[in-house]
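Listing of run_13.tsv, TSV, C-alpha atoms
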chain	number	residue	atom	x	y	z
A	1	MET	CA	0.00	0.00	0.00
A	2	VAL	CA	1.24	3.48	-0.89
A	3	LYS	CA	2.06	5.53	2.20
A	4	PRO	CA	1.84	9.33	2.47
A	5	HIS	CA	5.09	11.25	2.39
A	6	TYR	CA	3.51	14.26	4.12
A	7	ARG	CA	1.53	14.29	7.35
A	8	ARG	CA	-0.51	17.37	6.49
A	9	VAL	CA	-1.00	18.99	3.07
A	10	LEU	CA	-2.57	22.19	1.78
A	11	LEU	CA	-3.86	21.80	-1.78
A	12	LYS	CA	-4.64	24.93	-3.81
A	13	ILE	CA	-7.15	24.43	-6.63
A	14	SER	CA	-8.16	27.15	-9.08
A	15	GLY	CA	-11.73	27.74	-10.14
A	16	GLU	CA	-10.77	26.47	-13.61
A	17	ALA	CA	-10.53	22.96	-12.17
A	18	PHE	CA	-14.31	22.92	-11.70
A	19	CYS	CA	-15.17	23.38	-15.38
A	20	GLN	CA	-14.18	22.27	-18.85
A	21	PRO	CA	-11.21	24.11	-20.42
A	22	GLY	CA	-12.38	27.56	-21.43
A	23	GLY	CA	-15.72	26.93	-19.77
A	24	PHE	CA	-17.63	28.52	-16.95
A	25	GLY	CA	-19.59	27.36	-13.91
A	26	ILE	CA	-19.34	23.85	-12.47
A	27	ASP	CA	-19.12	20.79	-14.70
A	28	SER	CA	-20.36	17.69	-12.84
A	29	GLY	CA	-17.90	15.43	-14.61
A	30	GLU	CA	-14.88	17.59	-13.77
A	31	LEU	CA	-16.12	17.98	-10.20
A	32	GLU	CA	-16.40	14.22	-9.71
A	33	LEU	CA	-12.97	13.54	-11.21
A	34	MET	CA	-11.38	16.13	-8.93
A	35	ALA	CA	-13.21	14.85	-5.86
A	36	ARG	CA	-12.15	11.26	-6.58
A	37	GLU	CA	-8.50	12.35	-6.83
A	38	ILE	CA	-8.74	14.24	-3.53
A	39	ALA	CA	-10.54	11.38	-1.78
A	40	ALA	CA	-7.90	8.91	-2.98
A	41	ALA	CA	-5.14	11.12	-1.54
A	42	ALA	CA	-6.98	11.47	1.76
A	43	LYS	CA	-7.36	7.69	2.02
A	44	LEU	CA	-3.57	7.36	2.07
A	45	GLY	CA	-3.72	8.75	5.60
A	46	THR	CA	-2.44	12.24	4.98
A	47	GLN	CA	-4.41	15.15	6.44
A	48	LEU	CA	-5.68	17.16	3.49
A	49	ALA	CA	-6.90	20.77	3.41
A	50	VAL	CA	-8.02	22.50	0.22
A	51	VAL	CA	-8.20	26.16	-0.77
A	52	VAL	CA	-10.44	26.73	-3.78
A	53	GLY	CA	-10.52	29.61	-6.25
A	54	GLY	CA	-13.66	31.06	-7.75
A	55	GLY	CA	-12.76	32.22	-11.25
A	56	ASN	CA	-15.21	29.81	-12.85
A	57	ILE	CA	-18.05	31.63	-11.05
A	58	VAL	CA	-16.93	35.26	-11.07
A	59	ARG	CA	-13.61	36.94	-11.80
A	60	GLY	CA	-13.35	39.83	-9.39
A	61	ALA	CA	-10.27	41.35	-11.00
A	62	ALA	CA	-11.92	41.38	-14.45
A	63	LEU	CA	-15.03	43.06	-13.05
A	64	ALA	CA	-13.00	45.75	-11.33
A	65	GLN	CA	-11.01	46.50	-14.50
A	66	LYS	CA	-14.17	47.67	-16.24
A	67	GLY	CA	-14.48	50.43	-13.67
A	68	GLN	CA	-18.14	49.90	-12.80
A	69	ILE	CA	-17.49	47.89	-9.63
A	70	SER	CA	-14.88	48.81	-7.05
A	71	GLN	CA	-11.96	46.43	-6.52
A	72	ALA	CA	-13.04	45.70	-2.94
A	73	THR	CA	-16.61	44.81	-3.92
A	74	ALA	CA	-15.42	42.72	-6.86
A	75	ASP	CA	-13.06	40.82	-4.57
A	76	TYR	CA	-15.88	40.07	-2.13
A	77	MET	CA	-17.94	38.78	-5.05
A	78	GLY	CA	-15.04	36.49	-5.93
A	79	MET	CA	-14.96	35.22	-2.35
A	80	LEU	CA	-18.61	34.23	-2.63
A	81	GLY	CA	-17.73	32.36	-5.83
A	82	THR	CA	-15.20	30.27	-3.90
A	83	ALA	CA	-17.92	29.40	-1.39
A	84	ILE	CA	-20.08	27.99	-4.19
A	85	ASN	CA	-17.18	25.81	-5.37
A	86	GLY	CA	-16.38	24.70	-1.84
A	87	MET	CA	-19.96	23.61	-1.20
A	88	ALA	CA	-20.00	21.63	-4.44
A	89	LEU	CA	-16.70	19.92	-3.64
A	90	ARG	CA	-17.85	19.02	-0.12
A	91	GLU	CA	-21.06	17.44	-1.42
A	92	MET	CA	-19.21	15.38	-4.00
A	93	LEU	CA	-16.62	14.21	-1.46
A	94	GLU	CA	-19.36	13.20	0.97
A	95	ASN	CA	-21.14	11.31	-1.82
A	96	LEU	CA	-17.92	9.39	-2.40
A	97	GLY	CA	-17.72	8.47	1.29
A	98	GLN	CA	-15.01	10.98	2.22
A	99	PRO	CA	-16.03	13.21	5.16
A	100	ALA	CA	-15.44	16.90	4.43
A	101	ARG	CA	-16.13	20.29	5.98
A	102	VAL	CA	-16.26	23.81	4.52
A	103	LEU	CA	-14.70	26.60	6.59
A	104	SER	CA	-15.24	30.17	5.45
A	105	ALA	CA	-13.25	33.33	6.11
A	106	LEU	CA	-16.55	35.22	5.78
A	107	GLN	CA	-19.54	34.55	8.01
A	108	LEU	CA	-21.74	32.27	5.90
A	109	THR	CA	-23.20	30.32	8.80
A	110	SER	CA	-26.12	28.85	6.82
A	111	VAL	CA	-23.80	26.99	4.45
A	112	ALA	CA	-20.33	26.83	6.05
A	113	GLU	CA	-18.54	26.90	9.36
A	114	THR	CA	-16.70	30.10	10.17
A	115	PHE	CA	-12.93	29.60	10.02
A	116	ILE	CA	-11.31	29.00	13.40
A	117	ARG	CA	-7.79	27.62	13.34
A	118	GLY	CA	-8.33	25.12	16.14
A	119	ARG	CA	-11.56	23.87	14.56
A	120	ALA	CA	-9.80	23.33	11.23
A	121	ILE	CA	-7.02	21.32	12.86
A	122	SER	CA	-9.56	19.28	14.82
A	123	HIS	CA	-11.37	18.33	11.60
A	124	LEU	CA	-8.06	17.33	10.00
A	125	ASP	CA	-7.11	15.20	12.99
A	126	LYS	CA	-10.44	13.38	12.60
A	127	GLY	CA	-9.69	12.47	8.97
A	128	ARG	CA	-11.97	15.03	7.34
A	129	VAL	CA	-10.95	16.97	4.24
A	130	VAL	CA	-11.16	20.65	5.16
A	131	ILE	CA	-12.15	23.05	2.37
A	132	PHE	CA	-11.22	26.69	2.97
A	133	VAL	CA	-13.35	29.24	1.11
A	134	ALA	CA	-13.67	33.04	0.87
A	135	GLY	CA	-9.92	33.54	0.57
A	136	THR	CA	-8.44	35.47	3.50
A	137	GLY	CA	-11.76	37.25	4.05
A	138	ASN	CA	-10.17	40.50	2.89
A	139	PRO	CA	-10.15	42.24	-0.51
A	140	PHE	CA	-6.89	42.83	-2.42
A	141	PHE	CA	-5.56	39.35	-1.58
A	142	THR	CA	-5.59	36.42	-3.99
A	143	THR	CA	-6.61	32.86	-3.17
A	144	ASP	CA	-2.91	31.97	-3.64
A	145	SER	CA	-2.14	34.24	-0.68
A	146	ALA	CA	-5.00	32.59	1.19
A	147	ALA	CA	-3.46	29.19	0.48
A	148	ALA	CA	-0.09	30.28	1.85
A	149	LEU	CA	-1.75	31.80	4.92
A	150	ARG	CA	-3.83	28.71	5.68
A	151	ALA	CA	-0.82	26.44	5.09
A	152	ALA	CA	1.09	28.41	7.72
A	153	GLU	CA	-1.85	28.44	10.13
A	154	ILE	CA	-2.41	24.67	10.05
A	155	ASN	CA	1.32	23.88	10.04
A	156	ALA	CA	1.17	22.13	6.67
A	157	ASP	CA	4.23	20.21	5.54
A	158	VAL	CA	3.81	21.36	1.94
A	159	LEU	CA	1.63	23.54	-0.28
A	160	LEU	CA	0.51	21.81	-3.46
A	161	LYS	CA	-0.43	24.18	-6.26
A	162	ALA	CA	-2.61	22.38	-8.81
A	163	THR	CA	-2.46	23.92	-12.30
A	164	LYS	CA	-3.24	23.01	-15.89
A	165	VAL	CA	0.46	22.55	-16.74
A	166	ASP	CA	3.02	20.15	-15.28
A	167	GLY	CA	5.17	22.60	-13.35
A	168	ILE	CA	6.87	25.98	-13.56
A	169	TYR	CA	8.30	27.10	-16.91
A	170	ASP	CA	10.52	30.00	-17.94
A	171	ASP	CA	7.78	31.07	-20.37
A	172	ASP	CA	4.14	30.26	-21.05
A	173	PRO	CA	4.23	26.66	-22.41
A	174	MET	CA	0.81	27.17	-23.98
A	175	LYS	CA	2.26	29.90	-26.21
A	176	ASN	CA	5.91	28.88	-26.45
A	177	PRO	CA	6.54	25.19	-27.25
A	178	LYS	CA	10.24	25.71	-26.45
A	179	ALA	CA	9.55	26.88	-22.91
A	180	LYS	CA	11.80	25.16	-20.35
A	181	ARG	CA	10.32	23.38	-17.36
A	182	PHE	CA	12.13	23.51	-14.04
A	183	GLU	CA	12.27	20.46	-11.78
A	184	LYS	CA	13.53	22.38	-8.75
A	185	LEU	CA	13.76	26.06	-7.86
A	186	THR	CA	14.44	28.13	-4.78
A	187	PHE	CA	11.99	30.77	-3.62
A	188	LYS	CA	14.62	33.41	-4.35
A	189	GLU	CA	14.91	32.21	-7.95
A	190	VAL	CA	11.14	32.31	-8.41
A	191	ILE	CA	10.93	35.83	-7.00
A	192	ASP	CA	13.98	37.15	-8.87
A	193	ARG	CA	12.74	35.69	-12.16
A	194	ARG	CA	9.16	36.83	-11.43
A	195	LEU	CA	7.83	33.46	-12.55
A	196	LYS	CA	4.06	33.82	-12.61
A	197	VAL	CA	2.62	30.73	-11.02
A	198	MET	CA	1.63	32.12	-7.63
A	199	ASP	CA	1.68	35.76	-6.63
A	200	LEU	CA	4.80	37.06	-4.90
A	201	THR	CA	2.98	37.60	-1.61
A	202	ALA	CA	2.16	33.89	-1.44
A	203	PHE	CA	5.68	32.79	-2.37
A	204	SER	CA	7.21	35.20	0.14
A	205	MET	CA	5.01	33.87	2.93
A	206	CYS	CA	5.94	30.28	2.12
A	207	MET	CA	9.61	31.23	2.02
A	208	ASP	CA	9.41	32.98	5.40
A	209	ARG	CA	7.66	29.98	6.96
A	210	ASN	CA	9.84	27.41	5.13
A	211	ILE	CA	6.84	25.70	3.53
A	212	PRO	CA	7.84	23.89	0.28
A	213	VAL	CA	5.63	24.44	-2.76
A	214	VAL	CA	4.99	21.79	-5.41
A	215	VAL	CA	3.44	22.96	-8.67
A	216	PHE	CA	1.91	20.13	-10.70
A	217	ASN	CA	-0.75	19.26	-13.28
A	218	MET	CA	-3.88	18.17	-11.50
A	219	LYS	CA	-5.62	17.08	-14.70
A	220	LYS	CA	-3.33	14.06	-14.97
A	221	PRO	CA	-4.87	11.03	-13.21
A	222	LYS	CA	-3.42	10.06	-9.79
A	223	HIS	CA	-1.09	13.07	-9.69
A	224	ILE	CA	-2.39	14.23	-6.30
A	225	VAL	CA	-1.83	10.76	-4.84
A	226	GLU	CA	1.62	10.57	-6.39
A	227	VAL	CA	2.67	13.99	-5.10
A	228	VAL	CA	1.31	13.26	-1.61
A	229	SER	CA	3.22	9.96	-1.60
A	230	GLY	CA	6.46	11.83	-2.36
A	231	LYS	CA	6.95	11.05	-6.05
A	232	ALA	CA	8.68	13.73	-8.10
A	233	ARG	CA	5.97	15.45	-10.13
A	234	GLY	CA	5.94	18.98	-11.48
A	235	THR	CA	8.26	21.58	-9.94
A	236	ARG	CA	9.36	21.74	-6.32
A	237	VAL	CA	10.18	25.12	-4.76
A	238	THR	CA	12.19	25.23	-1.53
A	239	VAL	CA	14.27	27.65	0.54
A	240	ASP	CA	17.60	26.04	-0.51
Go through the file and emit its structure as structure tokens.
Amino acid sequence: MVKPHYRRVLLKISGEAFCQPGGFGIDSGELELMAREIAAAAKLGTQLAVVVGGGNIVRGAALAQKGQISQATADYMGMLGTAINGMALREMLENLGQPARVLSALQLTSVAETFIRGRAISHLDKGRVVIFVAGTGNPFFTTDSAAALRAAEINADVLLKATKVDGIYDDDPMKNPKAKRFEKLTFKEVIDRRLKVMDLTAFSMCMDRNIPVVVFNMKKPKHIVEVVSGKARGTRVTVD
């Protein structure tokens, strides 16, 4: 039986993971595939927390750019989008037999528990997947920053950044077929090169707290299980 390499993991999933490529909203097929991958990783015995994005529901930054909605309001709208995704993911996990809880940075008591650090850790200790929604609860911060913050708060061993490509490249691999993929990088290299996978605030927080980051392609079957079990997938970012 495969054993987990990490005791506690924070998995960051973008809103794009909930829909078909280029799509919008929540695709039931994509949702089930994602939930099955997460449930399989949790069954290894690792404690698994998830931070979800909300871009498939509403893109706050895009709304604010049009000038009709303030950045703060648009960001709060984006937070509510993450709550919709988190609720959907919880339901699918529960349907698959994997206990899960949604903890929100905003007070949404009818549909989610309010985030309390001790409560989150208690759920993890009991084998439940914990889904963090509503980002940090504050505008002007991305869900990547929320992932780094929650990883630090729950003392995660690693932050897993699930993307649509298999790691960090020196250029956009979707546009440049000659883009080079890195297997390992330091936080300083990522920041100095301004490699755009997570925002610099998130990377800086992980660097300060010495939390490794693994960037990998979640769309490939069993990749979450393989990363959690310690197999080299994607790009690993560390202090040294």
Two-atom distance - CA of Gly54 in chain A, CA of Gly22 in chain A (Å): 14.2 Å
Residues near Pro99 in chain A, cut-off 10 Å, only C-alpha atoms, skip fewer than 2 positions along chain, as a VMD selection string: chain A and resid 39 42 90 to 97 101 123 126 to 130
Nearest candidate to Gln71 in chain A (options A:Ala88, A:Asp199, A:Ala147, A:Arg59; using only C-alpha atoms): A:Arg59
All residues 8 Å or closer to Leu200 in chain A, all atoms listed in the file, same chain fewer than 4 positions away omitted, as a PyMOL selection string: chain A and resi 191+194+204
Separation of CA of Leu44 in chain A from CA of Gly230 in chain A in Å: 11.8 Å
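One finds CA of Leu185 in chain A at 21.0 Å from CA of Ile13 in chain A.
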Counting only C-alpha atoms, the option among A:Ala146, A:Val239, A:Leu10, A:Val227 closest to Leu48 in chain A: A:Leu10
Test item: residues at most 10 Å from Phe132 in chain A, only C-alpha atoms, excluding those fewer than 4 positions along its chain, as a VMD selection string: chain A and resid 10 12 49 to 53 82 to 83 86 101 to 105 112 to 115 120 136 143 146 to 147 150
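Closest approach to Gln47 in chain A from the set A:Ala64, A:Val111, A:Ile168, A:Ile121 is made by A:Ile121, with distances taken over only C-alpha atoms.
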Selected residue, from A:Leu89, A:Ala134, A:Ile69, A:Met198, that lies nearest to Leu108 in chain A when counting all atoms listed in the file: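 With all atoms listed in the file as the atom set, the closest residue is A:Ala134.
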Nearest residue to Ala148 in chain A from the set A:Lys188, A:Lys175, A:Arg209, A:Lys196 (distances using only C-alpha atoms): A:Arg209
Among listed residues A:Ala72, A:Ala162, A:Ala40, A:Ala62, nearest Asn217 in chain A (using all atoms listed in the file):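 Residue with the minimum atom-to-atom distance to Asn217 in chain A: A:Ala162.
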